[in-house]
>>> print(open('coords_25.txt').read())   # compact mmCIF, C-alpha atoms
# COMPACT_ATOMS: atom_id res chain seq x y z
CA MET W 10 100.79 111.14 105.89
CA ARG W 11 97.18 112.32 105.73
CA VAL W 12 97.14 111.81 101.96
CA LEU W 13 98.52 108.31 102.39
CA LEU W 14 95.89 107.40 104.99
CA VAL W 15 93.17 108.69 102.68
CA HIS W 16 94.44 106.49 99.84
CA ILE W 17 94.68 103.44 102.10
CA GLU W 18 91.06 103.97 103.15
CA GLU W 19 90.00 104.40 99.51
CA VAL W 20 91.79 101.22 98.43
CA PHE W 21 90.11 99.20 101.18
CA ARG W 22 86.71 100.69 100.31
CA GLU W 23 87.27 99.97 96.62
CA ALA W 24 88.30 96.39 97.39
CA ALA W 25 85.22 95.92 99.57
CA ALA W 26 82.90 97.40 96.94
CA ARG W 27 84.31 95.06 94.27
CA TRP W 28 84.06 92.05 96.65
CA THR W 29 87.83 91.63 96.34
CA LEU W 30 88.39 92.26 100.03
CA ILE W 31 85.69 89.80 101.07
CA GLY W 32 86.94 87.09 98.71
CA TYR W 33 90.54 87.73 99.75
CA PHE W 34 89.93 87.20 103.45
CA LEU W 35 87.30 84.50 102.91
CA LEU W 36 89.84 82.30 101.10
CA SER W 37 92.36 82.87 103.88
CA SER W 38 89.72 81.99 106.48
CA ILE W 39 88.92 78.76 104.63
CA PHE W 40 92.60 77.76 104.68
CA ILE W 41 92.75 78.51 108.40
CA LEU W 42 89.54 76.60 109.16
CA ILE W 43 90.67 73.55 107.19
CA PHE W 44 93.97 73.53 109.01
CA GLY W 45 92.40 73.97 112.43
CA LEU W 46 89.93 71.11 111.90
CA ALA W 47 92.20 68.76 109.97
CA VAL W 48 95.07 68.29 112.43
CA ASN W 49 94.55 66.60 115.80
CA LEU W 50 97.58 65.66 117.88
CA ASP W 51 97.91 63.35 120.88
CA ILE W 52 100.73 64.83 122.97
CA VAL W 53 102.20 62.94 125.92
CA ASP W 54 105.09 64.37 127.98
CA GLY W 55 106.11 66.78 125.22
CA ALA W 56 106.23 64.12 122.50
CA LEU W 57 103.79 63.15 119.79
CA ALA W 58 102.18 59.81 120.62
CA GLY W 59 99.51 59.89 117.93
CA ALA W 60 98.02 62.08 115.25
CA LYS W 61 94.95 62.35 113.06
CA LEU W 62 94.91 64.07 109.69
CA PHE W 63 91.45 64.79 108.20
CA GLY W 64 90.03 62.25 110.66
CA ASN W 65 92.42 59.44 109.63
CA GLU W 66 94.98 57.94 112.00
CA VAL W 67 98.60 58.63 111.05
CA ASP W 68 100.85 55.57 111.39
CA MET W 69 103.52 56.49 113.94
CA GLY W 70 105.25 53.11 113.74
CA GLY W 71 104.60 52.57 117.44
CA GLN W 72 107.07 55.35 118.29
CA ARG W 73 106.73 58.77 119.84
CA VAL W 74 107.98 61.62 117.71
CA ASP W 75 109.92 64.65 118.93
CA LEU W 76 107.24 67.34 118.86
CA ASP W 77 109.59 70.27 118.40
CA LYS W 78 111.10 68.81 115.21
CA LEU W 79 107.65 67.85 113.95
CA VAL W 80 106.38 71.39 114.42
CA LEU W 81 109.46 72.80 112.70
CA GLY W 82 108.90 70.50 109.74
CA PHE W 83 105.24 71.39 109.52
CA GLU W 84 105.81 75.13 109.81
CA SER W 85 108.52 74.99 107.13
CA SER W 86 106.19 73.15 104.74
CA PHE W 87 103.31 75.50 105.43
CA ALA W 88 105.58 78.53 104.99
CA ALA W 89 106.48 77.27 101.51
CA PHE W 90 102.79 76.84 100.73
CA LEU W 91 101.99 80.35 101.97
CA TYR W 92 104.88 81.76 99.96
CA LEU W 93 103.13 80.64 96.80
CA ILE W 94 99.48 81.11 97.75
CA GLY W 95 99.96 84.34 99.67
CA THR W 96 101.87 85.92 96.80
CA PHE W 97 99.34 84.87 94.16
CA LEU W 98 96.34 86.06 96.19
CA ALA W 99 97.99 89.40 96.90
CA ILE W 100 98.76 90.12 93.24
CA PHE W 101 95.27 89.05 92.20
CA ALA W 102 93.75 91.39 94.80
CA THR W 103 95.92 94.44 94.08
CA ALA W 104 96.94 94.36 90.39
CA HIS W 105 93.84 96.39 89.46
CA LEU W 106 94.93 99.45 91.42
CA VAL W 107 96.66 101.29 88.55
CA PRO W 108 94.34 100.26 85.68
CA ARG W 109 91.35 101.21 87.84
CA LEU W 110 93.03 104.52 88.67
CA GLN W 111 93.40 105.34 84.96
CA ASP W 112 89.72 104.83 84.13
CA LYS W 113 88.10 107.87 82.54
CA GLY W 114 86.47 109.92 85.26
CA THR W 115 88.47 108.30 88.07
CA ILE W 116 91.81 109.71 86.93
CA ASP W 117 90.20 113.12 86.32
CA LEU W 118 88.96 113.16 89.91
CA TYR W 119 92.36 112.21 91.34
CA LEU W 120 94.30 114.68 89.18
CA SER W 121 91.97 117.48 90.27
CA ARG W 122 93.33 117.09 93.78
CA PRO W 123 96.47 119.00 94.88
CA THR W 124 98.62 115.87 94.77
CA GLY W 125 101.47 115.17 92.34
CA ARG W 126 101.19 112.24 89.97
CA VAL W 127 104.17 110.34 91.33
CA ARG W 128 102.98 110.88 94.89
CA LEU W 129 99.54 109.62 93.86
CA LEU W 130 101.02 106.46 92.33
CA LEU W 131 103.23 105.79 95.35
CA ALA W 132 100.28 106.27 97.70
CA ARG W 133 98.30 103.66 95.75
CA TYR W 134 101.30 101.34 95.85
CA VAL W 135 101.70 101.63 99.62
CA ALA W 136 97.96 101.18 100.07
CA GLY W 137 98.13 97.97 98.03
CA LEU W 138 100.99 96.73 100.22
CA VAL W 139 98.98 97.49 103.36
CA LEU W 140 96.06 95.48 101.97
CA ALA W 141 98.35 92.53 101.16
CA ALA W 142 100.19 92.78 104.48
CA THR W 143 96.93 92.77 106.43
CA ASN W 144 95.98 89.44 104.89
CA ILE W 145 99.47 87.94 105.34
CA VAL W 146 99.48 88.93 109.02
CA TYR W 147 95.99 87.47 109.45
CA LEU W 148 96.90 84.22 107.71
CA LEU W 149 100.32 83.61 109.27
CA GLY W 150 99.38 84.94 112.68
CA THR W 151 96.26 82.80 113.00
CA ILE W 152 98.04 79.63 111.84
CA TRP W 153 100.88 80.35 114.27
CA LEU W 154 98.44 80.76 117.17
CA ILE W 155 96.66 77.51 116.24
CA VAL W 156 99.99 75.66 116.24
CA ILE W 157 100.83 77.10 119.67
CA TRP W 158 97.37 76.17 120.98
CA LYS W 159 97.55 72.59 119.72
CA THR W 160 101.20 71.87 120.58
CA GLY W 161 102.39 74.40 123.14
CA ILE W 162 105.46 74.96 120.94
CA VAL W 163 106.38 78.58 120.16
CA HIS W 164 108.60 79.28 117.14
CA PRO W 165 108.63 83.06 116.52
CA ARG W 166 110.76 82.56 113.39
CA PHE W 167 107.67 81.19 111.63
CA LEU W 168 106.66 84.84 111.30
CA LEU W 169 109.86 85.53 109.32
CA ALA W 170 108.10 83.87 106.40
CA GLY W 171 105.83 86.90 106.27
CA VAL W 172 108.82 89.22 105.78
CA VAL W 173 110.08 87.27 102.76
CA ILE W 174 106.58 86.92 101.31
CA MET W 175 106.03 90.68 101.60
CA LEU W 176 109.33 91.37 99.82
CA VAL W 177 108.22 89.22 96.89
CA ILE W 178 104.74 90.79 96.89
CA ALA W 179 106.25 94.29 96.95
CA THR W 180 108.49 93.44 93.99
CA LEU W 181 105.78 91.81 91.89
CA LEU W 182 103.32 94.58 92.73
CA ALA W 183 105.85 97.16 91.51
CA PHE W 184 106.12 95.20 88.26
CA ALA W 185 102.32 95.01 88.04
CA PHE W 186 102.15 98.79 88.53
CA LEU W 187 104.61 99.27 85.67
CA ILE W 188 102.58 97.04 83.35
CA GLY W 189 99.33 98.63 84.51
CA THR W 190 100.69 102.11 83.88
CA VAL W 191 101.71 101.20 80.33
CA THR W 192 98.73 99.03 79.33
CA SER W 193 95.90 100.16 81.67
CA SER W 194 94.92 96.48 81.80
CA THR W 195 94.32 94.49 84.98
CA ALA W 196 94.45 91.15 83.15
CA VAL W 197 97.82 91.91 81.55
CA SER W 198 99.17 93.12 84.90
CA ILE W 199 98.17 89.86 86.59
CA MET W 200 99.44 87.62 83.79
CA GLY W 201 102.70 89.55 83.55
CA SER W 202 103.33 89.32 87.30
CA TYR W 203 102.60 85.59 87.42
CA GLY W 204 104.73 85.05 84.32
CA LEU W 205 107.63 86.92 85.93
CA PHE W 206 107.30 84.79 89.07
CA PHE W 207 107.56 81.49 87.18
CA PHE W 208 110.13 82.65 84.62
CA SER W 209 112.39 83.94 87.39
CA ALA W 210 111.99 80.63 89.24
CA MET W 211 113.10 78.75 86.11
CA LEU W 212 116.29 80.83 85.97
CA VAL W 213 117.49 79.25 89.21
CA SER W 214 118.94 76.63 86.83
CA HIS W 215 120.58 79.27 84.66
CA GLU W 216 123.99 77.59 84.79
CA GLN W 217 122.63 74.36 83.31
CA ILE W 218 120.69 76.31 80.67
CA GLU W 219 123.77 78.37 79.75
CA ALA W 220 125.79 75.17 79.34
CA VAL W 221 123.49 73.70 76.68
CA VAL W 222 122.84 76.75 74.47
CA ASP W 223 124.76 76.83 71.19
CA LYS W 224 125.78 80.50 71.18
CA LEU W 225 127.85 82.48 73.67
CA TRP W 226 125.59 85.53 73.37
CA LYS W 227 122.58 83.42 74.32
CA ALA W 228 124.35 82.25 77.46
CA ARG W 229 125.18 85.87 78.33
CA VAL W 230 121.56 86.91 77.82
CA ILE W 231 120.37 84.13 80.10
CA HIS W 232 122.92 85.08 82.75
CA GLY W 233 121.97 88.73 82.44
CA LEU W 234 118.30 87.91 82.93
CA TYR W 235 119.15 85.87 86.01
CA VAL W 236 121.12 88.75 87.50
CA ALA W 237 118.46 91.37 86.73
CA LEU W 238 115.20 89.56 87.54
CA PRO W 239 113.80 88.72 91.01
CA LYS W 240 115.08 85.54 92.65
CA THR W 241 111.71 83.93 93.37
CA ALA W 242 113.03 80.38 93.70
CA GLU W 243 115.90 81.39 95.98
CA LEU W 244 113.57 83.42 98.19
CA GLY W 245 111.21 80.46 98.42
CA ARG W 246 114.10 78.36 99.69
CA ALA W 247 115.13 81.15 102.05
CA THR W 248 111.62 81.14 103.50
CA ILE W 249 111.93 77.45 104.36
CA ALA W 250 115.46 77.89 105.72
CA LEU W 251 114.53 80.82 107.96
CA VAL W 252 111.49 79.04 109.40
CA SER W 253 113.22 75.67 109.87
CA GLY W 254 116.19 77.19 111.65
CA GLY W 255 118.65 74.99 109.80
CA GLU W 256 116.73 71.75 110.40
CA ALA W 257 115.64 71.37 106.77
CA PRO W 258 118.00 69.56 104.35
CA VAL W 259 120.48 71.76 102.49
CA GLN W 260 119.20 70.27 99.21
CA VAL W 261 115.85 71.90 99.94
CA THR W 262 116.91 75.24 101.41
CA GLY W 263 120.20 75.86 99.60
CA THR W 264 122.52 78.50 101.04
CA VAL W 265 120.81 81.63 102.36
CA THR W 266 122.69 84.79 101.38
CA ALA W 267 121.79 88.47 101.14
CA SER W 268 122.23 88.57 97.35
CA PRO W 269 118.74 87.32 96.33
CA PHE W 270 117.10 89.76 98.73
CA ILE W 271 119.14 92.73 97.47
CA SER W 272 118.75 92.00 93.75
CA THR W 273 115.01 91.36 94.13
CA ALA W 274 114.51 94.60 96.05
CA LEU W 275 116.52 96.55 93.45
CA PHE W 276 114.37 95.12 90.64
CA GLY W 277 111.22 96.22 92.49
CA LEU W 278 112.59 99.72 93.07
CA ALA W 279 113.56 100.03 89.40
CA CYS W 280 110.06 98.96 88.27
CA LEU W 281 108.41 101.39 90.67
CA ALA W 282 110.66 104.26 89.55
CA LEU W 283 109.96 103.49 85.89
CA ALA W 284 106.22 103.27 86.58
CA GLY W 285 106.35 106.68 88.24
CA PHE W 286 108.23 108.13 85.25
CA VAL W 287 105.72 106.74 82.75
CA PHE W 288 102.73 107.80 84.85
CA HIS W 289 104.13 111.31 85.23
CA ARG W 290 104.51 111.77 81.47
CA LYS W 291 101.34 109.98 80.42
CA GLU W 292 98.54 112.00 78.84
CA PHE W 293 95.01 111.55 80.18
>>> encode(input="coords_25.txt", output="structure tokens")
Amino acid sequence: MRVLLVHIEEVFREAAARWTLIGYFLLSSIFILIFGLAVNLDIVDGALAGAKLFGNEVDMGGQRVDLDKLVLGFESSFAAFLYLIGTFLAIFATAHLVPRLQDKGTIDLYLSRPTGRVRLLLARYVAGLVLAATNIVYLLGTIWLIVIWKTGIVHPRFLLAGVVIMLVIATLLAFAFLIGTVTSSTAVSIMGSYGLFFFSAMLVSHEQIEAVVDKLWKARVIHGLYVALPKTAELGRATIALVSGGEAPVQVTGTVTASPFISTALFGLACLALAGFVFHRKEF
């Protein structure tokens, strides 16, 4: 535990020294500030009688809107936004951890310590997750408190979005660690992780793609990729479904099952295990 705490401290210091930490939380603070200043609600007897967005009146059609449903709809939309932005910021802020570790001089210093290579890599991985989780908690928690302050409506399930986002971050970070271990390149780690996110999202339509290919083996390859890779699109829908509590249309959320969570977690564990194997055998 002491070794892990030391690595967490080092990762935060490294991020601060490279201005990554400051930029990371500054962007989140800007999103929070914009949200806090942009939305003004006129609430009468628990219903929305009027609203302003960026200083402009929102046409309510002369009717009062159920505030609870409005808040659910807003939180679901914002959760989807955070799913994308939070994941991208986290990978951008942490993908350098392995390439930086393998720099000449840095790796020599770390390997001189009485810590195994795999343990060293796992400690950096957990430290990266702590850095990402700190920002996700700050971003989601502050937005949640602002919504409660402005509306008086408390939906604890909004925080469930953070759980799904962290699962995706953990999986993509494991993939970034694998790429970083092999290539020692931060840029390739970032591009590879983003590419995996979008390519996996495209495979949500794997059945339609399989139906139009001209060879059976191509269809099997596409299906195999869908089974093996993370389910980023399905988890994005699950984020909306969990936050909305079933209020969002089924066409948007789909059916929430355990399968996308399990297969995504297994992919992340496989990448992390392979990264540890490569790092253990790599010559420095």
>>> closest_atom_pairs(input="coords_25.txt", of="segment 138-222 of chain W", to="segment 102-107 of chain W", cutoff="8 Å", atoms="all atoms listed in the file", output="tab-separated table")
residue	atom	partner	partner_atom	distance
W:Leu140	CA	W:Thr103	CA	8.0
W:Ala141	CA	W:Thr103	CA	7.7
W:Leu182	CA	W:Ala104	CA	6.8
W:Ala185	CA	W:Ala104	CA	5.9
W:Phe186	CA	W:Val107	CA	6.0
W:Gly189	CA	W:Val107	CA	5.5
W:Thr190	CA	W:Val107	CA	6.2
W:Ser193	CA	W:Val107	CA	7.0
W:Ser194	CA	W:His105	CA	7.7
W:Thr195	CA	W:His105	CA	4.9
W:Ser198	CA	W:Ala104	CA	6.1
W:Ile199	CA	W:Ala104	CA	6.0
>>> write_last_selection(input="coords_25.txt", atoms="C-alpha atoms", output="PDB file, in the coordinates of the input")
ATOM      1  CA  LEU W 140      96.060  95.480 101.970  1.00  0.00           C
ATOM      2  CA  ALA W 141      98.350  92.530 101.160  1.00  0.00           C
ATOM      3  CA  LEU W 182     103.320  94.580  92.730  1.00  0.00           C
ATOM      4  CA  ALA W 185     102.320  95.010  88.040  1.00  0.00           C
ATOM      5  CA  PHE W 186     102.150  98.790  88.530  1.00  0.00           C
ATOM      6  CA  GLY W 189      99.330  98.630  84.510  1.00  0.00           C
ATOM      7  CA  THR W 190     100.690 102.110  83.880  1.00  0.00           C
ATOM      8  CA  SER W 193      95.900 100.160  81.670  1.00  0.00           C
ATOM      9  CA  SER W 194      94.920  96.480  81.800  1.00  0.00           C
ATOM     10  CA  THR W 195      94.320  94.490  84.980  1.00  0.00           C
ATOM     11  CA  SER W 198      99.170  93.120  84.900  1.00  0.00           C
ATOM     12  CA  ILE W 199      98.170  89.860  86.590  1.00  0.00           C
TER      13      ILE W 199
END
>>> atom_distance(input="coords_25.txt", atom1="atom CA of Leu110 of chain W", atom2="atom CA of Leu278 of chain W")
20.6 Å
>>> closest_residue(input="coords_25.txt", among="W:Phe270, W:Gln111, W:Val265, W:Ile41", to="Glu292 of chain W", atoms="all atoms listed in the file")
W:Gln111
>>> atom_distance(input="coords_25.txt", atom1="atom CA of Thr29 of chain W", atom2="atom CA of Phe101 of chain W")
8.9 Å
>>> residues_around(input="coords_25.txt", residues="His215 of chain W", least_positions_apart="5", cutoff="10 Å", atoms="all atoms listed in the file", output="JSON, numbers by chain")
{"W": [209, 210, 220, 228, 231, 232, 233, 234, 235, 236]}
>>> closest_residue(input="coords_25.txt", among="W:Ala242, W:Leu98, W:Ala267, W:Val230", to="Phe206 of chain W", atoms="all atoms listed in the file")
W:Ala242
>>> closest_residue(input="coords_25.txt", among="W:Leu129, W:Ala89, W:Val222, W:Ala183", to="His16 of chain W", atoms="only C-alpha atoms")
W:Leu129
>>> closest_residue(input="coords_25.txt", among="W:Trp226, W:Val173, W:Ile162, W:Tyr147", to="Leu35 of chain W", atoms="only C-alpha atoms")
W:Tyr147
